[in-house]
file run_6.pdb (PDB, C-alpha atoms)
ATOM      1  CA  MET A1381     146.187 125.767 -98.382  1.00  0.00           C
ATOM      2  CA  GLN A1382     147.318 127.501-101.536  1.00  0.00           C
ATOM      3  CA  VAL A1383     149.680 124.624-102.407  1.00  0.00           C
ATOM      4  CA  ILE A1384     146.838 122.112-102.095  1.00  0.00           C
ATOM      5  CA  ASP A1385     144.557 124.257-104.311  1.00  0.00           C
ATOM      6  CA  THR A1386     147.298 124.472-106.958  1.00  0.00           C
ATOM      7  CA  LEU A1387     147.830 120.688-106.857  1.00  0.00           C
ATOM      8  CA  ASP A1388     144.079 120.096-107.151  1.00  0.00           C
ATOM      9  CA  ARG A1389     143.825 122.436-110.131  1.00  0.00           C
ATOM     10  CA  ARG A1390     146.738 120.706-111.883  1.00  0.00           C
ATOM     11  CA  ARG A1391     145.249 117.289-111.211  1.00  0.00           C
ATOM     12  CA  ASN A1392     141.858 118.448-112.509  1.00  0.00           C
ATOM     13  CA  ALA A1393     143.458 119.975-115.614  1.00  0.00           C
ATOM     14  CA  ARG A1394     145.305 116.695-116.295  1.00  0.00           C
ATOM     15  CA  MET A1395     142.072 114.735-115.856  1.00  0.00           C
ATOM     16  CA  VAL A1396     140.215 117.038-118.266  1.00  0.00           C
ATOM     17  CA  ARG A1397     143.027 116.766-120.867  1.00  0.00           C
ATOM     18  CA  SER A1398     143.033 112.974-120.510  1.00  0.00           C
ATOM     19  CA  PHE A1399     139.275 112.821-120.886  1.00  0.00           C
ATOM     20  CA  VAL A1400     139.347 115.039-123.995  1.00  0.00           C
ATOM     21  CA  LEU A1401     142.134 112.956-125.588  1.00  0.00           C
ATOM     22  CA  LEU A1402     140.364 109.674-124.825  1.00  0.00           C
ATOM     23  CA  THR A1403     137.117 111.064-126.248  1.00  0.00           C
ATOM     24  CA  VAL A1404     138.824 112.229-129.461  1.00  0.00           C
ATOM     25  CA  PHE A1405     140.646 108.907-129.928  1.00  0.00           C
ATOM     26  CA  GLY A1406     137.436 107.019-129.186  1.00  0.00           C
ATOM     27  CA  MET A1407     135.522 109.015-131.781  1.00  0.00           C
ATOM     28  CA  LEU A1408     138.263 108.441-134.371  1.00  0.00           C
ATOM     29  CA  ALA A1409     138.256 104.711-133.624  1.00  0.00           C
ATOM     30  CA  LEU A1410     134.467 104.578-133.942  1.00  0.00           C
ATOM     31  CA  PHE A1411     134.570 106.516-137.229  1.00  0.00           C
ATOM     32  CA  PHE A1412     137.201 104.128-138.592  1.00  0.00           C
ATOM     33  CA  ALA A1413     135.277 101.049-137.446  1.00  0.00           C
ATOM     34  CA  LEU A1414     132.050 102.272-139.056  1.00  0.00           C
ATOM     35  CA  ASN A1415     133.529 103.505-142.343  1.00  0.00           C
ATOM     36  CA  PHE A1416     136.470 101.239-143.183  1.00  0.00           C
ATOM     37  CA  ARG A1417     136.804  97.493-143.545  1.00  0.00           C
ATOM     38  CA  ILE A1418     139.106  94.896-144.999  1.00  0.00           C
ATOM     39  CA  VAL A1419     137.883  93.020-148.076  1.00  0.00           C
ATOM     40  CA  VAL A1420     139.602  89.978-149.542  1.00  0.00           C
ATOM     41  CA  VAL A1421     140.022  89.423-153.287  1.00  0.00           C
ATOM     42  CA  ASN A1422     138.275  86.219-154.360  1.00  0.00           C
ATOM     43  CA  GLY A1423     139.308  84.924-157.778  1.00  0.00           C
ATOM     44  CA  PRO A1424     141.497  86.062-160.658  1.00  0.00           C
ATOM     45  CA  SER A1425     139.354  88.844-162.170  1.00  0.00           C
ATOM     46  CA  MET A1426     141.553  91.711-160.935  1.00  0.00           C
ATOM     47  CA  GLU A1427     144.936  90.168-161.806  1.00  0.00           C
ATOM     48  CA  PRO A1428     147.638  91.349-162.182  1.00  0.00           C
ATOM     49  CA  THR A1429     146.711  94.330-159.972  1.00  0.00           C
ATOM     50  CA  TYR A1430     145.257  92.217-157.156  1.00  0.00           C
ATOM     51  CA  LYS A1431     145.606  88.483-156.697  1.00  0.00           C
ATOM     52  CA  HIS A1432     143.304  85.956-155.048  1.00  0.00           C
ATOM     53  CA  GLY A1433     143.694  86.363-151.284  1.00  0.00           C
ATOM     54  CA  ASP A1434     144.970  89.952-151.321  1.00  0.00           C
ATOM     55  CA  ARG A1435     143.579  92.107-148.506  1.00  0.00           C
ATOM     56  CA  LEU A1436     142.350  95.573-149.432  1.00  0.00           C
ATOM     57  CA  LEU A1437     141.156  98.510-147.356  1.00  0.00           C
ATOM     58  CA  MET A1438     137.708  99.691-148.425  1.00  0.00           C
ATOM     59  CA  THR A1439     135.900 102.780-147.219  1.00  0.00           C
ATOM     60  CA  SER A1440     132.202 103.434-147.437  1.00  0.00           C
ATOM     61  CA  ALA A1441     133.036 107.097-146.716  1.00  0.00           C
ATOM     62  CA  TYR A1442     134.737 107.395-150.077  1.00  0.00           C
ATOM     63  CA  TRP A1443     133.717 111.057-150.286  1.00  0.00           C
ATOM     64  CA  LEU A1444     136.770 111.606-148.054  1.00  0.00           C
ATOM     65  CA  PHE A1445     138.899 110.533-151.018  1.00  0.00           C
ATOM     66  CA  GLY A1446     136.782 112.189-153.711  1.00  0.00           C
ATOM     67  CA  ALA A1447     133.800 111.084-155.751  1.00  0.00           C
ATOM     68  CA  ILE A1448     133.964 107.866-157.755  1.00  0.00           C
ATOM     69  CA  GLN A1449     136.062 108.464-160.858  1.00  0.00           C
ATOM     70  CA  LYS A1450     137.251 106.471-163.837  1.00  0.00           C
ATOM     71  CA  GLY A1451     140.131 104.279-162.764  1.00  0.00           C
ATOM     72  CA  ASP A1452     138.895 103.811-159.190  1.00  0.00           C
ATOM     73  CA  VAL A1453     138.529 100.287-157.851  1.00  0.00           C
ATOM     74  CA  VAL A1454     135.173  99.804-156.141  1.00  0.00           C
ATOM     75  CA  VAL A1455     133.394  97.089-154.185  1.00  0.00           C
ATOM     76  CA  ILE A1456     129.922  96.235-155.435  1.00  0.00           C
ATOM     77  CA  VAL A1457     127.283  94.087-153.782  1.00  0.00           C
ATOM     78  CA  ARG A1458     125.296  91.818-156.085  1.00  0.00           C
ATOM     79  CA  PRO A1459     121.586  91.139-155.436  1.00  0.00           C
ATOM     80  CA  ASN A1460     122.593  87.719-154.033  1.00  0.00           C
ATOM     81  CA  GLY A1461     124.888  89.428-151.497  1.00  0.00           C
ATOM     82  CA  ALA A1462     128.163  88.501-153.208  1.00  0.00           C
ATOM     83  CA  LEU A1463     130.826  91.202-153.382  1.00  0.00           C
ATOM     84  CA  LEU A1464     132.663  92.110-156.588  1.00  0.00           C
ATOM     85  CA  ILE A1465     135.853  94.160-156.783  1.00  0.00           C
ATOM     86  CA  LYS A1466     136.068  95.963-160.136  1.00  0.00           C
ATOM     87  CA  ARG A1467     137.590  99.000-161.861  1.00  0.00           C
ATOM     88  CA  VAL A1468     135.388 101.886-163.029  1.00  0.00           C
ATOM     89  CA  VAL A1469     135.856 102.576-166.766  1.00  0.00           C
ATOM     90  CA  ALA A1470     132.846 104.820-167.477  1.00  0.00           C
ATOM     91  CA  LEU A1471     130.568 107.049-165.437  1.00  0.00           C
ATOM     92  CA  ALA A1472     126.884 107.990-165.803  1.00  0.00           C
ATOM     93  CA  GLY A1473     126.111 109.532-169.177  1.00  0.00           C
ATOM     94  CA  GLU A1474     129.468 108.588-170.714  1.00  0.00           C
ATOM     95  CA  PRO A1475     129.925 106.252-173.675  1.00  0.00           C
ATOM     96  CA  VAL A1476     131.340 102.819-172.890  1.00  0.00           C
ATOM     97  CA  PRO A1477     134.863 102.572-174.353  1.00  0.00           C
ATOM     98  CA  PRO A1478     134.775 100.458-177.550  1.00  0.00           C
ATOM     99  CA  LYS A1479     137.140  97.798-176.186  1.00  0.00           C
ATOM    100  CA  TYR A1480     134.488  96.868-173.574  1.00  0.00           C
ATOM    101  CA  TRP A1481     131.555  96.579-175.952  1.00  0.00           C
ATOM    102  CA  SER A1482     129.398  93.463-175.777  1.00  0.00           C
ATOM    103  CA  PRO A1483     125.867  92.638-176.943  1.00  0.00           C
ATOM    104  CA  LEU A1484     124.575  93.895-173.589  1.00  0.00           C
ATOM    105  CA  VAL A1485     126.403  97.220-174.038  1.00  0.00           C
ATOM    106  CA  GLN A1486     124.809  97.585-177.470  1.00  0.00           C
ATOM    107  CA  MET A1487     121.388  96.970-175.883  1.00  0.00           C
ATOM    108  CA  MET A1488     122.201  99.812-173.448  1.00  0.00           C
ATOM    109  CA  GLY A1489     122.830 102.085-176.422  1.00  0.00           C
ATOM    110  CA  GLY A1490     126.547 102.218-175.699  1.00  0.00           C
ATOM    111  CA  ARG A1491     126.116 104.729-172.856  1.00  0.00           C
ATOM    112  CA  VAL A1492     126.076 104.366-169.094  1.00  0.00           C
ATOM    113  CA  PRO A1493     122.637 105.218-167.657  1.00  0.00           C
ATOM    114  CA  GLU A1494     122.230 107.972-165.066  1.00  0.00           C
ATOM    115  CA  ARG A1495     123.137 106.972-161.475  1.00  0.00           C
ATOM    116  CA  HIS A1496     125.144 103.979-162.789  1.00  0.00           C
ATOM    117  CA  ILE A1497     128.772 103.104-163.468  1.00  0.00           C
ATOM    118  CA  PHE A1498     130.399 100.686-165.885  1.00  0.00           C
ATOM    119  CA  VAL A1499     133.007  98.402-164.306  1.00  0.00           C
ATOM    120  CA  VAL A1500     135.370  95.703-165.529  1.00  0.00           C
ATOM    121  CA  GLY A1501     137.984  93.431-164.023  1.00  0.00           C
ATOM    122  CA  ASP A1502     141.636  94.057-164.860  1.00  0.00           C
ATOM    123  CA  ASN A1503     141.818  90.473-166.188  1.00  0.00           C
ATOM    124  CA  LEU A1504     139.238  90.823-168.971  1.00  0.00           C
ATOM    125  CA  GLU A1505     139.355  87.147-169.980  1.00  0.00           C
ATOM    126  CA  ARG A1506     138.446  85.961-166.460  1.00  0.00           C
ATOM    127  CA  SER A1507     136.115  88.653-165.193  1.00  0.00           C
ATOM    128  CA  GLU A1508     132.362  88.787-164.737  1.00  0.00           C
ATOM    129  CA  ASP A1509     131.620  92.477-164.992  1.00  0.00           C
ATOM    130  CA  SER A1510     129.431  95.114-166.662  1.00  0.00           C
ATOM    131  CA  ARG A1511     130.026  93.516-170.063  1.00  0.00           C
ATOM    132  CA  GLN A1512     127.898  90.571-168.867  1.00  0.00           C
ATOM    133  CA  ILE A1513     125.756  91.992-166.031  1.00  0.00           C
ATOM    134  CA  GLY A1514     125.218  95.552-167.248  1.00  0.00           C
ATOM    135  CA  ALA A1515     125.870  98.939-165.719  1.00  0.00           C
ATOM    136  CA  ILE A1516     125.946  98.949-161.922  1.00  0.00           C
ATOM    137  CA  PRO A1517     123.592 101.237-159.972  1.00  0.00           C
ATOM    138  CA  LEU A1518     125.527 103.565-157.666  1.00  0.00           C
ATOM    139  CA  SER A1519     123.324 102.288-154.833  1.00  0.00           C
ATOM    140  CA  HIS A1520     125.103  98.915-155.197  1.00  0.00           C
ATOM    141  CA  VAL A1521     128.540 100.423-154.597  1.00  0.00           C
ATOM    142  CA  GLN A1522     129.629  99.471-151.088  1.00  0.00           C
ATOM    143  CA  GLY A1523     132.823 101.482-151.144  1.00  0.00           C
ATOM    144  CA  LYS A1524     136.064 102.439-152.771  1.00  0.00           C
ATOM    145  CA  ILE A1525     139.413 100.687-152.362  1.00  0.00           C
ATOM    146  CA  VAL A1526     141.821 103.126-150.724  1.00  0.00           C
ATOM    147  CA  GLY A1527     144.726 100.906-149.781  1.00  0.00           C
ATOM    148  CA  GLY A1528     146.101  97.551-148.860  1.00  0.00           C
ATOM    149  CA  HIS A1529     147.754  94.707-150.605  1.00  0.00           C
ATOM    150  CA  GLY A1530     149.314  91.371-149.812  1.00  0.00           C
ATOM    151  CA  GLU A1531     148.211  87.785-149.605  1.00  0.00           C
ATOM    152  CA  LEU A1532     146.617  86.202-146.583  1.00  0.00           C
ATOM    153  CA  PRO A1533     148.933  83.887-144.643  1.00  0.00           C
TER     154      PRO A1533
END
call {"tool": "encode", "arguments": {"input": "run_6.pdb", "output": "structure tokens"}}
result
Amino acid sequence: MQVIDTLDRRRNARMVRSFVLLTVFGMLALFFALNFRIVVVNGPSMEPTYKHGDRLLMTSAYWLFGAIQKGDVVVIVRPNGALLIKRVVALAGEPVPPKYWSPLVQMMGGRVPERHIFVVGDNLERSEDSRQIGAIPLSHVQGKIVGGHGELP
């Protein structure tokens, strides 16, 4: 009888460990699925850093990687639903660097409004960005690029 009890306890302990591991892996998979996604670069505005067709890993839980900072590449949703991938060059309350000034920036007073960011494409000649559309509300930021590269097959 004692041998059977010991075998039952071991089997139960293995089942509990398996259940705990499966639960943890399931929760991690769910977290990843809800907070990370692949976005694809569309157009030349971020060249030479990213080319048309490059796949990038975006997280909406960018707080894991720190708050949005100058130099970060972010994904923005336009009012029409289109996504833009751009680099942050100025944060709320900061002056827009002179090399990015445009008539619209002058109308903004040369500063980024509160709860907004100023973004540009790495390819300034071929980018639609804050110089033309204005500072971007933080509520329009879908996420931050945290990895990935390479063209689609």
call {"tool": "resolve_selection", "arguments": {"input": "run_6.pdb", "expression": "the PyMOL selection byres ((chain A and resi 1441) around 10)", "output": "list in words"}}
result
Phe1411, Phe1412, Leu1414, Asn1415, Phe1416, Met1438, Thr1439, Ser1440, Tyr1442, Trp1443, Leu1444, Phe1445, Gly1446, Ala1447, Gln1522, Gly1523 and Lys1524 of chain A
call {"tool": "atom_distance", "arguments": {"input": "run_6.pdb", "atom1": "atom CA of A:Tyr1430", "atom2": "atom CA of A:Asp1502"}}
result
8.7 Å
call {"tool": "residues_around", "arguments": {"input": "run_6.pdb", "residues": "A:Gly1490", "least_positions_apart": "2", "cutoff": "8 Å", "atoms": "only C-alpha atoms", "output": "list of chain:residue names"}}
result
A:Pro1475, A:Val1476, A:Trp1481, A:Val1485, A:Gln1486, A:Met1487, A:Met1488, A:Val1492
call {"tool": "residues_around", "arguments": {"input": "run_6.pdb", "residues": "A:Phe1498", "least_positions_apart": "6", "cutoff": "9 Å", "atoms": "all atoms listed in the file", "output": "PDB file with C-alpha atoms, in the frame of the given file"}}
result
ATOM      1  CA  ARG A1467     137.590  99.000-161.861  1.00  0.00           C
ATOM      2  CA  VAL A1468     135.388 101.886-163.029  1.00  0.00           C
ATOM      3  CA  VAL A1469     135.856 102.576-166.766  1.00  0.00           C
ATOM      4  CA  ALA A1470     132.846 104.820-167.477  1.00  0.00           C
ATOM      5  CA  LEU A1471     130.568 107.049-165.437  1.00  0.00           C
ATOM      6  CA  ALA A1472     126.884 107.990-165.803  1.00  0.00           C
ATOM      7  CA  VAL A1476     131.340 102.819-172.890  1.00  0.00           C
ATOM      8  CA  VAL A1492     126.076 104.366-169.094  1.00  0.00           C
ATOM      9  CA  ASP A1509     131.620  92.477-164.992  1.00  0.00           C
ATOM     10  CA  SER A1510     129.431  95.114-166.662  1.00  0.00           C
ATOM     11  CA  ARG A1511     130.026  93.516-170.063  1.00  0.00           C
ATOM     12  CA  GLY A1514     125.218  95.552-167.248  1.00  0.00           C
ATOM     13  CA  ALA A1515     125.870  98.939-165.719  1.00  0.00           C
ATOM     14  CA  ILE A1516     125.946  98.949-161.922  1.00  0.00           C
TER      15      ILE A1516
END
call {"tool": "closest_residue", "arguments": {"input": "run_6.pdb", "among": "A:His1496, A:Val1455, A:His1520, A:Ile1465", "to": "A:Asn1422", "atoms": "only C-alpha atoms"}}
result
A:Ile1465
call {"tool": "atom_distance", "arguments": {"input": "run_6.pdb", "atom1": "atom CA of A:Gly1528", "atom2": "atom CA of A:Ala1413"}}
result
16.1 Å
call {"tool": "atom_distance", "arguments": {"input": "run_6.pdb", "atom1": "atom CA of A:Val1521", "atom2": "atom CA of A:Gly1461"}}
result
12.0 Å
call {"tool": "closest_residue", "arguments": {"input": "run_6.pdb", "among": "A:Val1526, A:Leu1484, A:Val1419, A:Val1499", "to": "A:Leu1463", "atoms": "only C-alpha atoms"}}
result
A:Val1419
call {"tool": "axis_aligned_box", "arguments": {"input": "run_6.pdb", "around": "stretch 1473-1480 of chain A", "padding_each_side": "6 Å", "output": "JSON"}}
result
{"center_x": 131.6, "center_y": 103.2, "center_z": -173.4, "size_x": 23.0, "size_y": 24.7, "size_z": 20.4}
call {"tool": "resolve_selection", "arguments": {"input": "run_6.pdb", "expression": "the PyMOL selection byres ((chain A and resi 1420) around 6)", "output": "list in words"}}
result
Val1419, Val1421, Gly1433, Asp1434 and Arg1435 of chain A
call {"tool": "closest_residue", "arguments": {"input": "run_6.pdb", "among": "A:Pro1517, A:Gly1406, A:Pro1477, A:Pro1493", "to": "A:Lys1450", "atoms": "all atoms listed in the file"}}
result
A:Pro1477
